[in-house]
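Below you'll find the structure, written out as structure tokens, and then a few comments.
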Amino acid sequence: MLLFKKVSTLRNHLESYRAAGRNIGFAPTMGALHEGHLSLIRQARAENDLVVCSIFVNPTQFNDPADLEKYPRTPDKDKAMLEKVGNDVLFMPPAAEIYPPGPATPLAIDFGQLDKVMEGKFRPGHFAGVASVVKRLLDIVEPDRLYMGQKDYQQFAIIQHMIRSLHLPVQLIMCPTVREADGLAMSSRNVRLTPAFRKRAPQIYRTLSTVKQLTGDFPPSVLSSRALNELTTAGLRPEYFEIVDGATLQSLSQWDKTTSAVACTAVWAGEVRLIDNIILK
Ligand code: AMP
């Protein structure tokens with residue numbers, strides 16, 4: 001595996017691959033890698049000639065400086081894991097490579113309601129930061145395919161909108177959420193859970209699964225209230241639990257109003273904020 005820290009040397013390297021007609025699969029991450037990230041790399045490995053992974057803890061998507069500070073960083077372990085799954089190129093830029101000094105160039109994209117609801121409501125500025133870093137990384141790597149996880153469903157919808165509205169020449173691929181044996185969605189933040197909250201956290205997926213089973217039998221609002229109660233009773237602090245249209249991310253009032261529905265939630269497990277979702281139909 002080759003490691004690049006500078007945009008210019010990475011670009012030179014990738015240019016020769018592209019010129020030889022080889023295609024490139026790309027998975028952007030913030031590091032502290034786990035099996036969820038590796039599933040993206042494995043799928044990219046199976047579908048492309050060259051696989052590029054980036055590790056960049058993007059400061060512009062953290063609305064809370066303490067959260068950025070506490071974000072886990074395990075570069076040596078990450079490199080070893082990437083080697084094992086056959087990743088070809090690792091891009092680990094310092095912040096100044098991605099955000100050169102001088103006035104910032106904002107990304108002017110209207111996301112409509114997509115960045116106003118759920119995570120957008122509770123983490124102001126978060127998606128502007130995500131879209132801006134993904135756009136910069138796409139401009140640098142110029143991949144044929146971009147791999148992202150269902151785990152961050154709203155993020156996926158935002159990036160899909162960006163790709164469509166700017167006609168970016170990349171195919172976006174959603175990879176299923178990888179879970180621990182007890183159902184907890186893998187996340188870099190899980191290492192910060194205390195043993196007591198680690199025990200409670202699998203309730204998130206149990207609740208999501210129950211909602212899926214009951215889909216269609218009760219109105220969405222009844223299922224959301226029930227889910228909020230269940231999570232609270234389990235000793236967690238849900239920030240939201242929403243059943244939304246899978247494309248517009250607007251709250252659903254009736255099941256027959258849409259062909260695609262997703263239940264999304266954000267939950268505090270002690271001091272750690274976890275998100276998860278399940279596709280209902
Ligand atoms: P992150 O490092 O948290 O920014 O995540 C990088 C990419 O990995 C994003 O596309 C995430 O959606 C994806 N990802 C994170 N956790 C999981 C998981 N448990 N299963 C599948 N994909 C994941």
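Here, A, B, ... name the chains of the structure tokens in the order displayed, residue numbers run from 1 inside each chain, and ligands are numbered from 1 in the same displayed order.
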Protein and nucleic acid residues within 10 Å of ligand 1 (only C-alpha atoms and all ligand atoms) as a PyMOL selection string:
chain A and resi 27-41+53-58+130+146-156+173-180+184-189+275-276
Fewer than 2 positions away in the same chain doesn't count, so skip those; otherwise give me all residues within 12 Å of Glu230 of chain A, counting only C-alpha atoms, as a PDB file with N, CA and C atoms, in the first residue's frame.
```pdb
ATOM      1  N   ARG A 200     -26.179  -1.194  27.154  1.00  0.00           N
ATOM      2  CA  ARG A 200     -27.504  -0.645  26.818  1.00  0.00           C
ATOM      3  C   ARG A 200     -27.643  -0.348  25.322  1.00  0.00           C
ATOM      4  N   GLN A 203     -29.888  -1.794  22.378  1.00  0.00           N
ATOM      5  CA  GLN A 203     -31.334  -1.518  22.341  1.00  0.00           C
ATOM      6  C   GLN A 203     -31.689  -0.683  21.104  1.00  0.00           C
ATOM      7  N   ILE A 204     -30.755   0.103  20.615  1.00  0.00           N
ATOM      8  CA  ILE A 204     -31.049   0.965  19.453  1.00  0.00           C
ATOM      9  C   ILE A 204     -31.478   0.097  18.271  1.00  0.00           C
ATOM     10  N   TYR A 205     -30.709  -0.939  17.990  1.00  0.00           N
ATOM     11  CA  TYR A 205     -31.046  -1.781  16.841  1.00  0.00           C
ATOM     12  C   TYR A 205     -32.272  -2.652  17.130  1.00  0.00           C
ATOM     13  N   ARG A 206     -32.419  -3.080  18.406  1.00  0.00           N
ATOM     14  CA  ARG A 206     -33.620  -3.853  18.746  1.00  0.00           C
ATOM     15  C   ARG A 206     -34.866  -3.017  18.476  1.00  0.00           C
ATOM     16  N   THR A 207     -34.813  -1.750  18.880  1.00  0.00           N
ATOM     17  CA  THR A 207     -35.966  -0.864  18.667  1.00  0.00           C
ATOM     18  C   THR A 207     -36.214  -0.654  17.174  1.00  0.00           C
ATOM     19  N   LEU A 208     -35.154  -0.416  16.414  1.00  0.00           N
ATOM     20  CA  LEU A 208     -35.310  -0.229  14.963  1.00  0.00           C
ATOM     21  C   LEU A 208     -35.920  -1.476  14.319  1.00  0.00           C
ATOM     22  N   THR A 210     -37.857  -3.745  15.751  1.00  0.00           N
ATOM     23  CA  THR A 210     -39.273  -3.868  16.113  1.00  0.00           C
ATOM     24  C   THR A 210     -40.123  -2.961  15.229  1.00  0.00           C
ATOM     25  N   VAL A 211     -39.637  -1.736  15.004  1.00  0.00           N
ATOM     26  CA  VAL A 211     -40.376  -0.801  14.156  1.00  0.00           C
ATOM     27  C   VAL A 211     -40.548  -1.404  12.756  1.00  0.00           C
ATOM     28  N   LEU A 223     -45.515   4.549  15.942  1.00  0.00           N
ATOM     29  CA  LEU A 223     -44.287   3.743  16.070  1.00  0.00           C
ATOM     30  C   LEU A 223     -43.115   4.594  16.564  1.00  0.00           C
ATOM     31  N   SER A 224     -43.031   5.847  16.104  1.00  0.00           N
ATOM     32  CA  SER A 224     -41.941   6.726  16.559  1.00  0.00           C
ATOM     33  C   SER A 224     -42.054   6.994  18.057  1.00  0.00           C
ATOM     34  N   SER A 225     -43.266   7.277  18.528  1.00  0.00           N
ATOM     35  CA  SER A 225     -43.447   7.552  19.969  1.00  0.00           C
ATOM     36  C   SER A 225     -43.100   6.317  20.787  1.00  0.00           C
ATOM     37  N   ARG A 226     -43.537   5.178  20.295  1.00  0.00           N
ATOM     38  CA  ARG A 226     -43.264   3.921  20.991  1.00  0.00           C
ATOM     39  C   ARG A 226     -41.746   3.701  21.080  1.00  0.00           C
ATOM     40  N   ALA A 227     -41.054   3.970  19.979  1.00  0.00           N
ATOM     41  CA  ALA A 227     -39.604   3.774  19.928  1.00  0.00           C
ATOM     42  C   ALA A 227     -38.890   4.713  20.908  1.00  0.00           C
ATOM     43  N   LEU A 228     -39.324   5.971  20.945  1.00  0.00           N
ATOM     44  CA  LEU A 228     -38.705   6.938  21.874  1.00  0.00           C
ATOM     45  C   LEU A 228     -38.860   6.456  23.314  1.00  0.00           C
ATOM     46  N   THR A 232     -35.807   5.346  25.923  1.00  0.00           N
ATOM     47  CA  THR A 232     -35.678   6.048  27.206  1.00  0.00           C
ATOM     48  C   THR A 232     -35.743   5.052  28.358  1.00  0.00           C
ATOM     49  N   THR A 233     -36.681   4.110  28.258  1.00  0.00           N
ATOM     50  CA  THR A 233     -36.823   3.093  29.309  1.00  0.00           C
ATOM     51  C   THR A 233     -35.541   2.266  29.454  1.00  0.00           C
ATOM     52  N   ALA A 234     -34.822   2.086  28.334  1.00  0.00           N
ATOM     53  CA  ALA A 234     -33.578   1.301  28.368  1.00  0.00           C
ATOM     54  C   ALA A 234     -32.402   2.114  28.934  1.00  0.00           C
ATOM     55  N   GLY A 235     -32.665   3.349  29.367  1.00  0.00           N
ATOM     56  CA  GLY A 235     -31.606   4.153  29.977  1.00  0.00           C
ATOM     57  C   GLY A 235     -30.772   4.926  28.971  1.00  0.00           C
ATOM     58  N   LEU A 236     -31.328   5.118  27.754  1.00  0.00           N
ATOM     59  CA  LEU A 236     -30.625   5.910  26.733  1.00  0.00           C
ATOM     60  C   LEU A 236     -31.372   7.247  26.586  1.00  0.00           C
ATOM     61  N   ARG A 237     -30.709   8.209  25.946  1.00  0.00           N
ATOM     62  CA  ARG A 237     -31.371   9.516  25.763  1.00  0.00           C
ATOM     63  C   ARG A 237     -31.521   9.797  24.269  1.00  0.00           C
ATOM     64  N   PRO A 238     -32.674   9.424  23.686  1.00  0.00           N
ATOM     65  CA  PRO A 238     -32.850   9.674  22.250  1.00  0.00           C
ATOM     66  C   PRO A 238     -33.000  11.166  21.958  1.00  0.00           C
ATOM     67  N   PHE A 241     -36.245  10.283  16.899  1.00  0.00           N
ATOM     68  CA  PHE A 241     -36.520   8.999  16.232  1.00  0.00           C
ATOM     69  C   PHE A 241     -37.540   9.344  15.170  1.00  0.00           C
ATOM     70  N   VAL A 267     -29.087   8.859  19.372  1.00  0.00           N
ATOM     71  CA  VAL A 267     -29.289   8.498  20.769  1.00  0.00           C
ATOM     72  C   VAL A 267     -28.015   8.793  21.555  1.00  0.00           C
TER      73      VAL A 267
END
```
Quote the spacing between atom CA of Asp115 of chain A and atom CA of Leu249 of chain A in Å to one decimal place.
9.2 Å
Neighbour list for His13 of chain A as a JSON list (two decimals) with all heavy atoms, in the first residue's frame, cut-off 10 Å, only C-alpha atoms, skip fewer than 6 positions in-chain:
```json
[["chain", "number", "residue", "atom", "x", "y", "z"],
["A", 2, "LEU", "N", 0.49, 2.21, -0.81],
["A", 2, "LEU", "CA", 1.24, 3.46, -0.87],
["A", 2, "LEU", "C", 0.54, 4.53, -0.04],
["A", 2, "LEU", "O", -0.70, 4.64, -0.08],
["A", 2, "LEU", "CB", 1.37, 3.94, -2.31],
["A", 2, "LEU", "CG", 2.25, 3.08, -3.22],
["A", 2, "LEU", "CD1", 2.16, 3.59, -4.66],
["A", 2, "LEU", "CD2", 3.70, 3.11, -2.74],
["A", 4, "PHE", "N", 0.12, 8.58, 0.77],
["A", 4, "PHE", "CA", 0.35, 9.95, 0.28],
["A", 4, "PHE", "C", -0.20, 10.95, 1.29],
["A", 4, "PHE", "O", -1.27, 10.74, 1.85],
["A", 4, "PHE", "CB", -0.36, 10.17, -1.06],
["A", 4, "PHE", "CG", 0.21, 9.35, -2.18],
["A", 4, "PHE", "CD1", -0.29, 8.08, -2.44],
["A", 4, "PHE", "CD2", 1.24, 9.84, -2.96],
["A", 4, "PHE", "CE1", 0.24, 7.31, -3.46],
["A", 4, "PHE", "CE2", 1.77, 9.07, -3.99],
["A", 4, "PHE", "CZ", 1.26, 7.81, -4.24],
["A", 89, "VAL", "N", -4.05, 2.49, -2.12],
["A", 89, "VAL", "CA", -3.53, 3.84, -1.87],
["A", 89, "VAL", "C", -4.22, 4.43, -0.66],
["A", 89, "VAL", "O", -5.46, 4.43, -0.58],
["A", 89, "VAL", "CB", -3.78, 4.74, -3.11],
["A", 89, "VAL", "CG1", -3.49, 6.20, -2.79],
["A", 89, "VAL", "CG2", -2.93, 4.28, -4.29]]
```
DSSP on the backbone: which residues in segment 61-107 of chain A end up as alpha helix (DSSP H)? Give the answer as a list of chain:residue names.
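Matching residues, listed in order: A:Pro65, A:Ala66, A:Asp67, A:Leu68, A:Glu69, A:Lys70, A:Pro75, A:Asp76, A:Lys77, A:Asp78, A:Lys79, A:Ala80, A:Met81, A:Leu82, A:Glu83, A:Lys84, A:Ala95, A:Ala96, A:Glu97, A:Ile98.
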Could the residues in this selection be saved with all heavy atoms as a compact mmCIF listing (two decimals), in the first residue's frame?
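After the write, result.txt holds the following:
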```txt
# COMPACT_ATOMS: atom_id res chain seq x y z
N PRO A 65 -16.25 21.69 19.13
CA PRO A 65 -14.79 21.50 19.13
C PRO A 65 -14.34 20.36 20.05
O PRO A 65 -13.35 19.68 19.76
CB PRO A 65 -14.25 22.84 19.64
CG PRO A 65 -15.38 23.81 19.53
CD PRO A 65 -16.66 23.03 19.53
N ALA A 66 -15.09 20.13 21.14
CA ALA A 66 -14.71 19.05 22.07
C ALA A 66 -14.87 17.69 21.39
O ALA A 66 -14.08 16.77 21.61
CB ALA A 66 -15.59 19.11 23.32
N ASP A 67 -15.88 17.57 20.52
CA ASP A 67 -16.13 16.32 19.80
C ASP A 67 -14.96 16.05 18.83
O ASP A 67 -14.47 14.92 18.72
CB ASP A 67 -17.46 16.46 19.03
CG ASP A 67 -17.99 15.11 18.54
OD1 ASP A 67 -17.62 14.08 19.13
OD2 ASP A 67 -18.77 15.11 17.56
N LEU A 68 -14.50 17.10 18.16
CA LEU A 68 -13.35 16.97 17.24
C LEU A 68 -12.11 16.53 18.01
O LEU A 68 -11.38 15.62 17.60
CB LEU A 68 -13.10 18.31 16.54
CG LEU A 68 -11.81 18.45 15.71
CD1 LEU A 68 -11.79 17.47 14.55
CD2 LEU A 68 -11.67 19.88 15.17
N GLU A 69 -11.90 17.17 19.16
CA GLU A 69 -10.75 16.85 20.01
C GLU A 69 -10.76 15.39 20.46
O GLU A 69 -9.76 14.70 20.44
CB GLU A 69 -10.83 17.78 21.24
CG GLU A 69 -9.69 17.66 22.21
CD GLU A 69 -8.49 18.49 21.76
OE1 GLU A 69 -8.60 19.24 20.76
OE2 GLU A 69 -7.47 18.37 22.41
N LYS A 70 -11.97 14.90 20.83
CA LYS A 70 -12.10 13.56 21.41
C LYS A 70 -12.18 12.47 20.34
O LYS A 70 -12.23 11.29 20.66
CB LYS A 70 -13.38 13.49 22.27
CG LYS A 70 -13.21 14.09 23.65
CD LYS A 70 -14.45 13.91 24.49
CE LYS A 70 -15.59 14.76 24.02
NZ LYS A 70 -16.81 14.76 24.80
N PRO A 75 -3.83 5.80 13.70
CA PRO A 75 -3.27 5.67 12.35
C PRO A 75 -2.50 4.38 12.09
O PRO A 75 -2.64 3.80 11.00
CB PRO A 75 -2.36 6.90 12.22
CG PRO A 75 -2.18 7.43 13.60
CD PRO A 75 -3.35 7.00 14.40
N ASP A 76 -1.72 3.90 13.05
CA ASP A 76 -0.90 2.70 12.79
C ASP A 76 -1.78 1.47 12.61
O ASP A 76 -1.58 0.67 11.70
CB ASP A 76 0.12 2.49 13.91
CG ASP A 76 1.15 3.62 13.92
OD1 ASP A 76 1.36 4.22 12.84
OD2 ASP A 76 1.69 3.93 15.00
N LYS A 77 -2.77 1.34 13.49
CA LYS A 77 -3.71 0.22 13.40
C LYS A 77 -4.49 0.31 12.08
O LYS A 77 -4.70 -0.70 11.39
CB LYS A 77 -4.67 0.28 14.60
CG LYS A 77 -5.51 -0.94 14.76
CD LYS A 77 -6.25 -0.91 16.11
CE LYS A 77 -7.48 -1.78 16.04
NZ LYS A 77 -8.69 -1.13 16.52
N ASP A 78 -4.89 1.53 11.72
CA ASP A 78 -5.65 1.73 10.47
C ASP A 78 -4.84 1.25 9.27
O ASP A 78 -5.36 0.55 8.39
CB ASP A 78 -5.99 3.21 10.26
CG ASP A 78 -6.99 3.73 11.29
OD1 ASP A 78 -7.54 2.91 12.04
OD2 ASP A 78 -7.19 4.96 11.34
N LYS A 79 -3.57 1.62 9.23
CA LYS A 79 -2.71 1.24 8.09
C LYS A 79 -2.63 -0.27 7.98
O LYS A 79 -2.75 -0.84 6.88
CB LYS A 79 -1.31 1.82 8.26
CG LYS A 79 -1.25 3.31 7.94
CD LYS A 79 0.17 3.84 8.18
CE LYS A 79 0.11 5.33 8.45
NZ LYS A 79 1.29 5.85 9.13
N ALA A 80 -2.44 -0.95 9.13
CA ALA A 80 -2.33 -2.41 9.11
C ALA A 80 -3.62 -3.05 8.61
O ALA A 80 -3.60 -4.00 7.82
CB ALA A 80 -1.99 -2.91 10.52
N MET A 81 -4.75 -2.52 9.04
CA MET A 81 -6.05 -3.08 8.61
C MET A 81 -6.25 -2.90 7.11
O MET A 81 -6.74 -3.79 6.41
CB MET A 81 -7.20 -2.41 9.37
CG MET A 81 -7.28 -2.80 10.82
SD MET A 81 -8.42 -1.73 11.74
CE MET A 81 -9.90 -2.69 11.64
N LEU A 82 -5.87 -1.73 6.60
CA LEU A 82 -6.04 -1.45 5.17
C LEU A 82 -5.14 -2.34 4.32
O LEU A 82 -5.55 -2.82 3.26
CB LEU A 82 -5.76 0.03 4.88
CG LEU A 82 -6.83 1.00 5.40
CD1 LEU A 82 -6.35 2.44 5.28
CD2 LEU A 82 -8.15 0.82 4.66
N GLU A 83 -3.92 -2.57 4.80
CA GLU A 83 -2.99 -3.47 4.10
C GLU A 83 -3.63 -4.85 3.94
O GLU A 83 -3.59 -5.45 2.88
CB GLU A 83 -1.70 -3.66 4.90
CG GLU A 83 -0.79 -2.45 4.97
CD GLU A 83 0.24 -2.42 3.85
OE1 GLU A 83 0.13 -3.20 2.90
OE2 GLU A 83 1.15 -1.56 3.95
N LYS A 84 -4.23 -5.31 5.04
CA LYS A 84 -4.80 -6.67 5.10
C LYS A 84 -5.91 -6.89 4.09
O LYS A 84 -6.07 -7.98 3.58
CB LYS A 84 -5.36 -6.93 6.51
CG LYS A 84 -4.53 -7.90 7.32
CD LYS A 84 -5.28 -8.27 8.57
CE LYS A 84 -4.64 -9.46 9.25
NZ LYS A 84 -5.14 -9.60 10.61
N ALA A 95 -4.56 19.08 7.42
CA ALA A 95 -5.71 19.95 7.12
C ALA A 95 -5.38 21.01 6.07
O ALA A 95 -6.21 21.34 5.23
CB ALA A 95 -6.22 20.60 8.40
N ALA A 96 -4.13 21.51 6.07
CA ALA A 96 -3.78 22.59 5.14
C ALA A 96 -3.76 22.12 3.68
O ALA A 96 -3.83 22.95 2.77
CB ALA A 96 -2.43 23.19 5.53
N GLU A 97 -3.63 20.82 3.45
CA GLU A 97 -3.70 20.31 2.08
C GLU A 97 -5.13 20.39 1.54
O GLU A 97 -5.35 20.64 0.36
CB GLU A 97 -3.22 18.86 2.02
CG GLU A 97 -1.74 18.66 1.98
CD GLU A 97 -1.08 19.17 0.70
OE1 GLU A 97 -1.35 18.64 -0.40
OE2 GLU A 97 -0.29 20.13 0.82
N ILE A 98 -6.08 20.10 2.40
CA ILE A 98 -7.49 20.08 1.99
C ILE A 98 -8.08 21.49 2.01
O ILE A 98 -8.86 21.87 1.14
CB ILE A 98 -8.30 19.14 2.92
CG1 ILE A 98 -7.74 17.72 2.84
CG2 ILE A 98 -9.78 19.14 2.56
CD1 ILE A 98 -7.86 17.05 1.49
```
Pick from A:Ser253, A:Asn23, A:Thr105, A:Gln213: nearest to Lys135 of chain A, with only C-alpha atoms counted?
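Under the stated criterion, the closest residue is A:Thr105.
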Apply DSSP to the backbone of this structure and, from segment 109-201 of chain A, keep only the residues in strand (DSSP E or B); write these as a list in words.
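After running DSSP on the backbone, segment 109-201 of chain A has strand (DSSP E or B) at Arg145, Leu146, Tyr147, Met148, Gly149, Gln171, Leu172, Ile173, Met174, Cys175, Arg179 and Ala185 of chain A.
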To one decimal place, how far is atom CA of Leu50 of chain A from atom CA of Ser165 of chain A in Å?
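We find that atom CA of Leu50 of chain A and atom CA of Ser165 of chain A lie 26.7 Å from each other.
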Distance query segment 214-221 of chain A at most 10 Å, only C-alpha atoms, self and fewer than 5 positions along chain excluded, as a list in words
Ser209, Arg226, Ala227, Phe241, Glu242, Ile243, Val244, Ser251, Leu252, Ser253, Gln254, Trp255, Asp256, Ala261, Ala263, Leu280 and Lys281 of chain A
Write the residues of the selection above to a file with all heavy atoms, as a CSV table (one decimal), in the first residue's frame.
```csv
chain,number,residue,atom,x,y,z
A,209,SER,N,-35.5,-2.7,14.8
A,209,SER,CA,-36.0,-3.9,14.2
A,209,SER,C,-37.5,-4.1,14.5
A,209,SER,O,-38.2,-4.6,13.7
A,209,SER,CB,-35.2,-5.1,14.7
A,209,SER,OG,-33.8,-4.9,14.4
A,226,ARG,N,-43.5,5.2,20.3
A,226,ARG,CA,-43.3,3.9,21.0
A,226,ARG,C,-41.7,3.7,21.1
A,226,ARG,O,-41.2,3.3,22.1
A,226,ARG,CB,-43.9,2.8,20.2
A,226,ARG,CG,-43.9,1.4,20.8
A,226,ARG,CD,-44.5,0.4,19.9
A,226,ARG,NE,-44.4,-0.9,20.5
A,226,ARG,CZ,-43.4,-1.7,20.6
A,226,ARG,NH1,-42.2,-1.3,20.1
A,226,ARG,NH2,-43.4,-2.9,21.2
A,227,ALA,N,-41.1,4.0,20.0
A,227,ALA,CA,-39.6,3.8,19.9
A,227,ALA,C,-38.9,4.7,20.9
A,227,ALA,O,-38.0,4.3,21.6
A,227,ALA,CB,-39.1,4.0,18.5
A,241,PHE,N,-36.2,10.3,16.9
A,241,PHE,CA,-36.5,9.0,16.2
A,241,PHE,C,-37.5,9.3,15.2
A,241,PHE,O,-38.7,9.7,15.5
A,241,PHE,CB,-37.1,8.0,17.2
A,241,PHE,CG,-37.2,6.6,16.6
A,241,PHE,CD1,-36.2,5.6,16.9
A,241,PHE,CD2,-38.2,6.3,15.7
A,241,PHE,CE1,-36.3,4.4,16.3
A,241,PHE,CE2,-38.2,5.0,15.0
A,241,PHE,CZ,-37.3,4.1,15.3
A,242,GLU,N,-37.2,9.3,13.9
A,242,GLU,CA,-38.1,9.7,12.8
A,242,GLU,C,-38.2,8.7,11.8
A,242,GLU,O,-37.3,8.0,11.4
A,242,GLU,CB,-37.5,11.0,12.2
A,242,GLU,CG,-37.4,12.1,13.2
A,242,GLU,CD,-37.7,13.4,12.6
A,242,GLU,OE1,-38.4,13.5,11.5
A,242,GLU,OE2,-37.4,14.5,13.2
A,243,ILE,N,-39.5,8.5,11.3
A,243,ILE,CA,-39.7,7.7,10.2
A,243,ILE,C,-40.0,8.6,9.0
A,243,ILE,O,-40.9,9.4,9.0
A,243,ILE,CB,-41.0,6.8,10.5
A,243,ILE,CG1,-40.6,5.8,11.6
A,243,ILE,CG2,-41.3,6.0,9.2
A,243,ILE,CD1,-41.7,5.0,12.1
A,244,VAL,N,-39.0,8.5,8.0
A,244,VAL,CA,-39.0,9.5,6.9
A,244,VAL,C,-39.1,8.8,5.6
A,244,VAL,O,-38.8,7.6,5.4
A,244,VAL,CB,-37.7,10.4,7.0
A,244,VAL,CG1,-37.7,11.1,8.3
A,244,VAL,CG2,-36.5,9.5,6.8
A,251,SER,N,-40.7,13.7,7.3
A,251,SER,CA,-41.4,12.8,8.1
A,251,SER,C,-42.7,12.2,7.4
A,251,SER,O,-43.3,12.9,6.7
A,251,SER,CB,-41.9,13.6,9.3
A,251,SER,OG,-41.2,13.3,10.4
A,252,LEU,N,-42.9,10.9,7.6
A,252,LEU,CA,-44.1,10.3,7.0
A,252,LEU,C,-45.3,10.4,7.9
A,252,LEU,O,-45.2,10.1,9.1
A,252,LEU,CB,-43.8,8.8,6.7
A,252,LEU,CG,-43.0,8.4,5.5
A,252,LEU,CD1,-43.0,6.9,5.4
A,252,LEU,CD2,-43.7,9.0,4.3
A,253,SER,N,-46.4,10.7,7.3
A,253,SER,CA,-47.6,10.7,8.1
A,253,SER,C,-48.4,9.4,7.9
A,253,SER,O,-49.1,8.9,8.7
A,253,SER,CB,-48.5,11.9,7.8
A,253,SER,OG,-48.7,12.0,6.5
A,254,GLN,N,-48.3,8.9,6.7
A,254,GLN,CA,-49.0,7.6,6.3
A,254,GLN,C,-48.0,6.8,5.5
A,254,GLN,O,-47.3,7.3,4.7
A,254,GLN,CB,-50.2,8.0,5.4
A,254,GLN,CG,-51.4,8.5,6.1
A,254,GLN,CD,-52.4,9.0,5.1
A,254,GLN,OE1,-52.4,10.2,4.8
A,254,GLN,NE2,-53.2,8.2,4.5
A,255,TRP,N,-48.2,5.4,5.6
A,255,TRP,CA,-47.3,4.5,4.9
A,255,TRP,C,-47.5,4.6,3.4
A,255,TRP,O,-46.5,4.5,2.6
A,255,TRP,CB,-47.5,3.1,5.4
A,255,TRP,CG,-47.1,2.9,6.8
A,255,TRP,CD1,-47.9,2.6,7.8
A,255,TRP,CD2,-45.8,3.0,7.3
A,255,TRP,NE1,-47.2,2.6,9.0
A,255,TRP,CE2,-45.9,2.8,8.7
A,255,TRP,CE3,-44.5,3.2,6.8
A,255,TRP,CZ2,-44.8,2.8,9.6
A,255,TRP,CZ3,-43.4,3.2,7.7
A,255,TRP,CH2,-43.6,3.0,9.0
A,256,ASP,N,-48.7,4.7,3.0
A,256,ASP,CA,-49.0,4.6,1.5
A,256,ASP,C,-48.6,5.9,0.8
A,256,ASP,O,-48.9,6.0,-0.4
A,256,ASP,CB,-50.5,4.2,1.3
A,256,ASP,CG,-51.4,5.2,1.9
A,256,ASP,OD1,-51.0,6.2,2.4
A,256,ASP,OD2,-52.6,4.9,1.9
A,261,ALA,N,-39.3,4.0,2.8
A,261,ALA,CA,-39.4,4.6,4.1
A,261,ALA,C,-38.2,4.1,5.0
A,261,ALA,O,-37.8,3.0,4.9
A,261,ALA,CB,-40.7,4.2,4.8
A,263,ALA,N,-36.4,4.4,9.0
A,263,ALA,CA,-36.4,4.9,10.4
A,263,ALA,C,-35.0,5.3,10.8
A,263,ALA,O,-34.1,4.5,10.7
A,263,ALA,CB,-37.0,3.8,11.3
A,280,LEU,N,-37.2,0.5,6.0
A,280,LEU,CA,-38.5,-0.2,6.3
A,280,LEU,C,-39.1,-0.7,5.1
A,280,LEU,O,-39.7,-1.8,5.1
A,280,LEU,CB,-39.4,0.8,7.0
A,280,LEU,CG,-38.9,1.5,8.3
A,280,LEU,CD1,-39.8,2.5,8.9
A,280,LEU,CD2,-38.6,0.4,9.4
A,281,LYS,N,-39.1,0.1,4.0
A,281,LYS,CA,-39.6,-0.5,2.8
A,281,LYS,C,-39.0,0.3,1.6
A,281,LYS,O,-38.4,1.4,1.8
A,281,LYS,CB,-41.1,-0.4,2.7
A,281,LYS,CG,-41.7,1.0,2.7
A,281,LYS,CD,-43.2,0.9,2.4
A,281,LYS,CE,-43.8,2.2,2.2
A,281,LYS,NZ,-45.1,2.2,1.7
```
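Shortest separation to Leu137 of chain A among A:Phe91, A:Phe197, A:Tyr240, A:Trp268 occurs at residue A:Phe91, atoms counted being only C-alpha atoms.
Contact shell of Gly86 of chain A at 8 Å (only C-alpha atoms; same-chain neighbours under 4 positions omitted): A:Met1, A:Arg42, A:Arg45, A:Leu82.
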Show which residues sit within 12 Å of Lys116 of chain A, as a list in words. Count only C-alpha atoms, and ignore same-chain residues fewer than 3 positions away.
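Counting only C-alpha atoms, the residues come to Asp110, Phe111, Gly112, Gln113, Glu119, Gly120, Lys121, Phe122, Arg123, Pro124, Gly125, His126, Phe127, Ala128, Gln154, Gln155, Ile158, Thr248, Leu249 and Gln250 of chain A.
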